[in-house]
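Novice: Structure file entry-v1.cif, mmCIF, C-alpha atoms, is pasted below:
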```
data_structure
loop_
_atom_site.group_PDB
_atom_site.id
_atom_site.type_symbol
_atom_site.label_atom_id
_atom_site.label_comp_id
_atom_site.auth_asym_id
_atom_site.auth_seq_id
_atom_site.Cartn_x
_atom_site.Cartn_y
_atom_site.Cartn_z
ATOM 1 C CA MET E 1 -222.788 -218.843 -121.460
ATOM 2 C CA ILE E 2 -222.138 -218.396 -117.759
ATOM 3 C CA GLU E 3 -220.720 -221.939 -117.671
ATOM 4 C CA ILE E 4 -218.189 -221.182 -120.396
ATOM 5 C CA LEU E 5 -217.194 -218.035 -118.515
ATOM 6 C CA ALA E 6 -216.719 -220.007 -115.284
ATOM 7 C CA HIS E 7 -214.582 -222.609 -117.099
ATOM 8 C CA ALA E 8 -212.431 -219.934 -118.715
ATOM 9 C CA LEU E 9 -211.962 -218.174 -115.362
ATOM 10 C CA THR E 10 -211.051 -221.479 -113.684
ATOM 11 C CA ILE E 11 -208.427 -222.340 -116.302
ATOM 12 C CA ALA E 12 -206.954 -218.830 -116.290
ATOM 13 C CA LEU E 13 -206.658 -218.645 -112.485
ATOM 14 C CA ALA E 14 -205.226 -222.182 -112.245
ATOM 15 C CA ALA E 15 -202.634 -221.370 -114.928
ATOM 16 C CA ILE E 16 -201.615 -218.221 -113.018
ATOM 17 C CA GLY E 17 -201.279 -220.281 -109.838
ATOM 18 C CA ALA E 18 -199.165 -222.923 -111.595
ATOM 19 C CA LEU E 19 -196.896 -220.176 -112.952
ATOM 20 C CA PHE E 20 -196.410 -218.760 -109.454
ATOM 21 C CA PHE E 21 -195.654 -222.239 -108.093
ATOM 22 C CA LEU E 22 -193.024 -222.699 -110.812
ATOM 23 C CA ALA E 23 -191.475 -219.328 -109.926
ATOM 24 C CA GLY E 24 -191.394 -220.328 -106.249
ATOM 25 C CA THR E 25 -189.679 -223.626 -107.040
ATOM 26 C CA LEU E 26 -187.078 -221.924 -109.223
ATOM 27 C CA GLY E 27 -186.431 -219.342 -106.503
ATOM 28 C CA LEU E 28 -186.086 -222.019 -103.833
ATOM 29 C CA LEU E 29 -183.583 -223.933 -105.949
ATOM 30 C CA ARG E 30 -181.528 -221.144 -107.495
ATOM 31 C CA LEU E 31 -181.311 -218.137 -105.129
ATOM 32 C CA PRO E 32 -178.037 -217.665 -103.219
ATOM 33 C CA ASP E 33 -178.936 -217.623 -99.505
ATOM 34 C CA PHE E 34 -181.706 -218.422 -97.045
ATOM 35 C CA TYR E 35 -183.311 -214.976 -96.815
ATOM 36 C CA THR E 36 -183.742 -214.649 -100.571
ATOM 37 C CA ARG E 37 -185.085 -218.216 -100.717
ATOM 38 C CA VAL E 38 -187.669 -217.614 -97.987
ATOM 39 C CA HIS E 39 -188.675 -214.414 -99.785
ATOM 40 C CA ALA E 40 -189.283 -216.233 -103.069
ATOM 41 C CA ALA E 41 -190.797 -219.450 -101.742
ATOM 42 C CA THR E 42 -193.251 -218.013 -99.202
ATOM 43 C CA LYS E 43 -194.768 -215.320 -101.380
ATOM 44 C CA CYS E 44 -195.020 -217.479 -104.477
ATOM 45 C CA ASP E 45 -196.561 -220.328 -102.480
ATOM 46 C CA THR E 46 -199.175 -218.070 -100.922
ATOM 47 C CA VAL E 47 -200.240 -216.566 -104.243
ATOM 48 C CA GLY E 48 -200.030 -219.866 -106.141
ATOM 49 C CA ALA E 49 -202.102 -221.878 -103.670
ATOM 50 C CA GLY E 50 -204.519 -218.963 -103.292
ATOM 51 C CA ALA E 51 -205.064 -218.664 -107.060
ATOM 52 C CA ILE E 52 -205.529 -222.415 -107.618
ATOM 53 C CA LEU E 53 -207.925 -222.791 -104.670
ATOM 54 C CA LEU E 54 -209.884 -219.747 -105.864
ATOM 55 C CA ALA E 55 -210.132 -221.371 -109.303
ATOM 56 C CA LEU E 56 -211.487 -224.562 -107.714
ATOM 57 C CA VAL E 57 -214.013 -222.526 -105.682
ATOM 58 C CA ILE E 58 -215.289 -221.017 -108.936
ATOM 59 C CA HIS E 59 -215.392 -224.483 -110.509
ATOM 60 C CA VAL E 60 -217.529 -226.165 -107.820
ATOM 61 C CA ALA E 61 -219.396 -222.946 -106.941
ATOM 62 C CA PRO E 62 -223.045 -223.870 -106.163
ATOM 63 C CA HIS E 63 -222.022 -227.091 -104.410
ATOM 64 C CA PRO E 64 -221.490 -226.907 -100.589
ATOM 65 C CA GLU E 65 -217.964 -228.304 -101.047
ATOM 66 C CA ALA E 66 -217.014 -224.779 -102.099
ATOM 67 C CA LEU E 67 -217.291 -223.684 -98.449
ATOM 68 C CA LYS E 68 -214.701 -226.277 -97.455
ATOM 69 C CA ILE E 69 -212.322 -225.041 -100.143
ATOM 70 C CA ILE E 70 -212.890 -221.448 -98.966
ATOM 71 C CA ALA E 71 -211.910 -222.551 -95.437
ATOM 72 C CA LEU E 72 -208.736 -224.094 -96.889
ATOM 73 C CA LEU E 73 -208.039 -220.877 -98.820
ATOM 74 C CA ILE E 74 -208.342 -218.794 -95.630
ATOM 75 C CA LEU E 75 -206.107 -221.269 -93.782
ATOM 76 C CA VAL E 76 -203.398 -221.076 -96.455
ATOM 77 C CA LEU E 77 -203.583 -217.283 -96.678
ATOM 78 C CA LEU E 78 -203.200 -217.005 -92.877
ATOM 79 C CA SER E 79 -200.649 -219.718 -92.177
ATOM 80 C CA SER E 80 -198.182 -219.420 -95.052
ATOM 81 C CA PRO E 81 -196.982 -215.822 -94.365
ATOM 82 C CA THR E 82 -196.877 -216.586 -90.622
ATOM 83 C CA SER E 83 -194.628 -219.604 -91.243
ATOM 84 C CA GLY E 84 -192.358 -217.528 -93.470
ATOM 85 C CA HIS E 85 -192.070 -214.810 -90.839
ATOM 86 C CA ALA E 86 -191.313 -217.328 -88.084
ATOM 87 C CA LEU E 87 -188.640 -218.996 -90.242
ATOM 88 C CA ALA E 88 -186.941 -215.709 -91.129
ATOM 89 C CA ARG E 89 -187.034 -214.555 -87.498
ATOM 90 C CA ALA E 90 -185.567 -217.852 -86.277
ATOM 91 C CA ALA E 91 -182.751 -217.596 -88.840
ATOM 92 C CA HIS E 92 -182.042 -213.961 -87.891
ATOM 93 C CA ASP E 93 -182.112 -214.614 -84.130
ATOM 94 C CA THR E 94 -179.772 -217.586 -84.396
ATOM 95 C CA GLY E 95 -177.274 -215.396 -86.226
ATOM 96 C CA LEU E 96 -177.433 -216.446 -89.869
ATOM 97 C CA GLU E 97 -175.620 -213.796 -91.895
ATOM 98 C CA PRO E 98 -177.340 -212.495 -95.050
ATOM 99 C CA TRP E 99 -175.543 -212.880 -98.351
ATOM 100 C CA SER E 100 -173.734 -209.626 -99.121
ATOM 101 C CA GLY E 101 -173.359 -210.105 -102.860
ATOM 102 C CA SER E 102 -169.563 -209.971 -102.843
ATOM 103 C CA GLY E 103 -168.702 -213.381 -101.446
ATOM 104 C CA GLU E 104 -169.231 -216.862 -102.716
ATOM 105 C CA ALA E 105 -172.845 -218.037 -102.881
ATOM 106 C CA ARG E 106 -173.748 -220.591 -100.219
ATOM 107 C CA GLU E 107 -174.936 -223.518 -102.240
ATOM 108 C CA MET D 1 -212.067 -230.630 -116.789
ATOM 109 C CA ASN D 2 -210.826 -233.839 -115.141
ATOM 110 C CA ALA D 3 -207.857 -234.096 -117.501
ATOM 111 C CA PHE D 4 -206.915 -230.534 -116.632
ATOM 112 C CA PHE D 5 -206.938 -231.391 -112.920
ATOM 113 C CA TRP D 6 -204.757 -234.432 -113.537
ATOM 114 C CA GLY D 7 -202.276 -232.369 -115.561
ATOM 115 C CA LEU D 8 -202.115 -229.673 -112.894
ATOM 116 C CA SER D 9 -201.560 -232.316 -110.190
ATOM 117 C CA THR D 10 -198.704 -233.854 -112.178
ATOM 118 C CA PHE D 11 -197.098 -230.449 -112.671
ATOM 119 C CA LEU D 12 -197.345 -229.655 -108.947
ATOM 120 C CA LEU D 13 -195.917 -233.047 -107.989
ATOM 121 C CA ILE D 14 -192.922 -232.506 -110.286
ATOM 122 C CA ASN D 15 -192.426 -229.115 -108.596
ATOM 123 C CA ALA D 16 -192.643 -230.737 -105.154
ATOM 124 C CA PHE D 17 -189.994 -233.312 -106.085
ATOM 125 C CA ALA D 18 -187.743 -230.490 -107.293
ATOM 126 C CA CYS D 19 -188.222 -228.762 -103.920
ATOM 127 C CA LEU D 20 -187.128 -231.940 -102.124
ATOM 128 C CA TRP D 21 -183.648 -231.334 -103.531
ATOM 129 C CA ARG D 22 -183.361 -228.202 -101.380
ATOM 130 C CA ALA D 23 -184.487 -230.190 -98.327
ATOM 131 C CA PHE D 24 -181.767 -232.726 -99.125
ATOM 132 C CA VAL D 25 -178.762 -230.435 -99.726
ATOM 133 C CA GLY D 26 -179.903 -227.314 -97.823
ATOM 134 C CA PRO D 27 -176.865 -225.908 -96.009
ATOM 135 C CA THR D 28 -178.797 -224.730 -92.934
ATOM 136 C CA VAL D 29 -181.613 -226.236 -90.871
ATOM 137 C CA VAL D 30 -184.006 -223.397 -91.761
ATOM 138 C CA ASP D 31 -183.561 -224.235 -95.449
ATOM 139 C CA ARG D 32 -184.755 -227.752 -94.806
ATOM 140 C CA ILE D 33 -187.749 -226.580 -92.768
ATOM 141 C CA LEU D 34 -188.661 -224.103 -95.527
ATOM 142 C CA ALA D 35 -188.409 -226.799 -98.203
ATOM 143 C CA THR D 36 -190.676 -229.207 -96.293
ATOM 144 C CA ASN D 37 -193.144 -226.367 -95.721
ATOM 145 C CA VAL D 38 -193.243 -225.653 -99.465
ATOM 146 C CA VAL D 39 -193.661 -229.347 -100.300
ATOM 147 C CA CYS D 40 -196.549 -229.575 -97.810
ATOM 148 C CA THR D 41 -198.326 -226.595 -99.389
ATOM 149 C CA LYS D 42 -198.022 -228.189 -102.836
ATOM 150 C CA ALA D 43 -199.280 -231.533 -101.498
ATOM 151 C CA LEU D 44 -202.295 -229.749 -99.994
ATOM 152 C CA VAL D 45 -203.267 -228.308 -103.365
ATOM 153 C CA VAL D 46 -202.715 -231.722 -105.013
ATOM 154 C CA LEU D 47 -205.009 -233.338 -102.427
ATOM 155 C CA VAL D 48 -207.790 -230.860 -103.220
ATOM 156 C CA LEU D 49 -207.342 -231.417 -106.972
ATOM 157 C CA LEU D 50 -207.475 -235.209 -106.580
ATOM 158 C CA GLY D 51 -210.516 -234.902 -104.306
ATOM 159 C CA LEU D 52 -212.329 -233.079 -107.106
ATOM 160 C CA ALA D 53 -211.059 -235.477 -109.794
ATOM 161 C CA PHE D 54 -212.152 -238.587 -107.866
ATOM 162 C CA GLU D 55 -215.305 -236.850 -106.509
ATOM 163 C CA ARG D 56 -214.366 -237.846 -102.961
ATOM 164 C CA SER D 57 -215.023 -234.998 -100.545
ATOM 165 C CA LEU D 58 -213.129 -236.958 -97.880
ATOM 166 C CA LEU D 59 -209.860 -235.806 -99.443
ATOM 167 C CA LEU D 60 -210.823 -232.166 -98.786
ATOM 168 C CA ASP D 61 -211.004 -232.914 -95.046
ATOM 169 C CA VAL D 62 -207.628 -234.642 -95.275
ATOM 170 C CA ALA D 63 -206.243 -231.522 -96.968
ATOM 171 C CA LEU D 64 -207.625 -229.322 -94.172
ATOM 172 C CA VAL D 65 -205.910 -231.425 -91.489
ATOM 173 C CA TYR D 66 -202.745 -231.465 -93.624
ATOM 174 C CA GLY D 67 -202.647 -227.660 -93.745
ATOM 175 C CA LEU D 68 -203.158 -227.345 -89.993
ATOM 176 C CA LEU D 69 -200.403 -229.913 -89.297
ATOM 177 C CA ASN D 70 -198.071 -228.113 -91.706
ATOM 178 C CA PHE D 71 -198.578 -224.811 -89.877
ATOM 179 C CA GLY D 72 -198.175 -226.364 -86.418
ATOM 180 C CA ILE D 73 -195.040 -228.295 -87.337
ATOM 181 C CA THR D 74 -193.358 -225.254 -88.902
ATOM 182 C CA ILE D 75 -194.132 -223.008 -85.927
ATOM 183 C CA ALA D 76 -192.990 -225.661 -83.424
ATOM 184 C CA ALA D 77 -189.762 -226.390 -85.315
ATOM 185 C CA THR D 78 -188.815 -222.712 -85.651
ATOM 186 C CA ARG D 79 -189.661 -222.075 -81.991
ATOM 187 C CA PHE D 80 -187.491 -225.002 -80.931
ATOM 188 C CA LEU D 81 -184.653 -223.770 -83.146
ATOM 189 C CA GLU D 82 -184.921 -220.237 -81.786
ATOM 190 C CA THR D 83 -185.183 -220.862 -78.034
ATOM 191 C CA GLY D 84 -183.994 -224.431 -77.588
ATOM 192 C CA ARG D 85 -187.257 -225.455 -75.958
ATOM 193 C CA LEU D 86 -190.928 -225.518 -76.804
ATOM 194 C CA LYS D 87 -192.315 -223.613 -73.783
ATOM 195 C CA GLY D 88 -192.303 -219.835 -73.371
ATOM 196 C CA ASP D 89 -190.698 -217.843 -70.565
ATOM 197 C CA TRP D 90 -194.073 -217.263 -68.921
ATOM 198 C CA GLN D 91 -194.665 -221.024 -68.551
ATOM 199 C CA GLN D 92 -193.275 -223.296 -65.882
#
```
Represent the structure from my file as structure tokens, please.

Specialist:
Amino acid sequence: MIEILAHALTIALAAIGALFFLAGTLGLLRLPDFYTRVHAATKCDTVGAGAILLALVIHVAPHPEALKIIALLILVLLSSPTSGHALARAAHDTGLEPWSGSGEARE
Amino acid sequence: MNAFFWGLSTFLLINAFACLWRAFVGPTVVDRILATNVVCTKALVVLVLLGLAFERSLLLDVALVYGLLNFGITIAATRFLETGRLKGDWQQ
């Protein structure tokens, strides 16, 4: 019983993560300028990787490998938003203008 | 469960190849750095999935190093872009 529950939870969390990854990819490819792209890609990547790694932690749970995956999860949750912030700050400090909505999209 | 891991890995790899398009055409440098960062995150998850599918815990260590390298490279590249050098003002 508990095994079936763990499998169902694993599949549900992994599907949510895959959906977030798909949303991040679509945002990275389709949004009009850099700031909107970094907004979509960073957040969706954090949540997607977090959900899939959490699903794998539940899948391998009693095994000590789960600790390694938890370390990876903490690493992703710490490093991904920091990278996004550093990228957006570098773009802003070097003078990249945000898209105003009236002009042509920068493809 | 193995087939599910393989399917998820394939899906993530297709996503990563789609993200490479942004690294190829990206109009600014920051776009390219962002795209490689996203591809690296997806590759990290794929490494963990393959490590579980093959039952090789070595791949989990590789994924850990991959994540650390991804973070370091992104921070170093943005710092270099922002200031033109890799050292801070308080260093010689």

Novice: What's the 12 Å shell around E:Ala8, counting all atoms listed in the file, without same-chain residues fewer than 5 positions away, as a ChimeraX atom specification?

Specialist: /E:1-3,13-15,55-56,58-59 /D:1

Novice: At a cut-off of 12 Å, using only C-alpha atoms, what residues contact E:Leu26? Leave out same-chain residues fewer than 5 positions from it and give the result as a short mmCIF file (atom, residue, chain, number, x, y, z; two decimals) with C-alpha atoms, in the coordinates of the input.

Specialist:
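And here's part-v9.cif as it stands now:
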```cif
data_model
loop_
_atom_site.label_atom_id
_atom_site.label_comp_id
_atom_site.auth_asym_id
_atom_site.auth_seq_id
_atom_site.Cartn_x
_atom_site.Cartn_y
_atom_site.Cartn_z
CA LEU E 19 -196.90 -220.18 -112.95
CA PHE E 20 -196.41 -218.76 -109.45
CA PHE E 21 -195.65 -222.24 -108.09
CA LEU E 31 -181.31 -218.14 -105.13
CA PRO E 32 -178.04 -217.66 -103.22
CA THR E 36 -183.74 -214.65 -100.57
CA ARG E 37 -185.08 -218.22 -100.72
CA ALA E 40 -189.28 -216.23 -103.07
CA ALA E 41 -190.80 -219.45 -101.74
CA CYS E 44 -195.02 -217.48 -104.48
CA ASP E 45 -196.56 -220.33 -102.48
CA ASN D 15 -192.43 -229.12 -108.60
CA ALA D 16 -192.64 -230.74 -105.15
CA ALA D 18 -187.74 -230.49 -107.29
CA CYS D 19 -188.22 -228.76 -103.92
CA TRP D 21 -183.65 -231.33 -103.53
CA ARG D 22 -183.36 -228.20 -101.38
#
```

Novice: When the PyMOL selection byres ((chain D) within 10 of (chain E)) is applied to the structure above, which residues does it catch, written out as a VMD selection string?

Specialist: chain D and resid 1 4 to 5 8 to 9 11 to 12 14 to 23 25 to 31 33 to 35 37 to 39 41 to 42 44 to 46 48 to 49 52 57 60 to 61 63 to 65 67 to 68 70 to 83

Novice: How many Å separate atom CA of E:Val57 from atom CA of E:Ile70?

Specialist: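 Straight-line distance from atom CA of E:Val57 to atom CA of E:Ile70 works out to 6.9 Å.
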
Novice: How many Å lie between atom CA of D:Trp6 and atom CA of D:Leu47, rounded to one decimal?

Specialist: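 One can read the atom CA of D:Trp6 to atom CA of D:Leu47 distance as 11.2 Å.
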
Novice: Could you tell me how far atom CA of D:Asn2 lies from atom CA of D:Phe54, in Å and to one decimal?

Specialist: 8.8 Å

Novice: What are the centre and edge lengths in Å, to one decimal, of the axis-aligned box around all listed atoms of stretch 29-35 of chain D with 5 Å added on each side, as JSON?

Specialist:
```
{"center_x": -185.1, "center_y": -225.6, "center_z": -94.5, "size_x": 17.0, "size_y": 14.4, "size_z": 17.3}
```
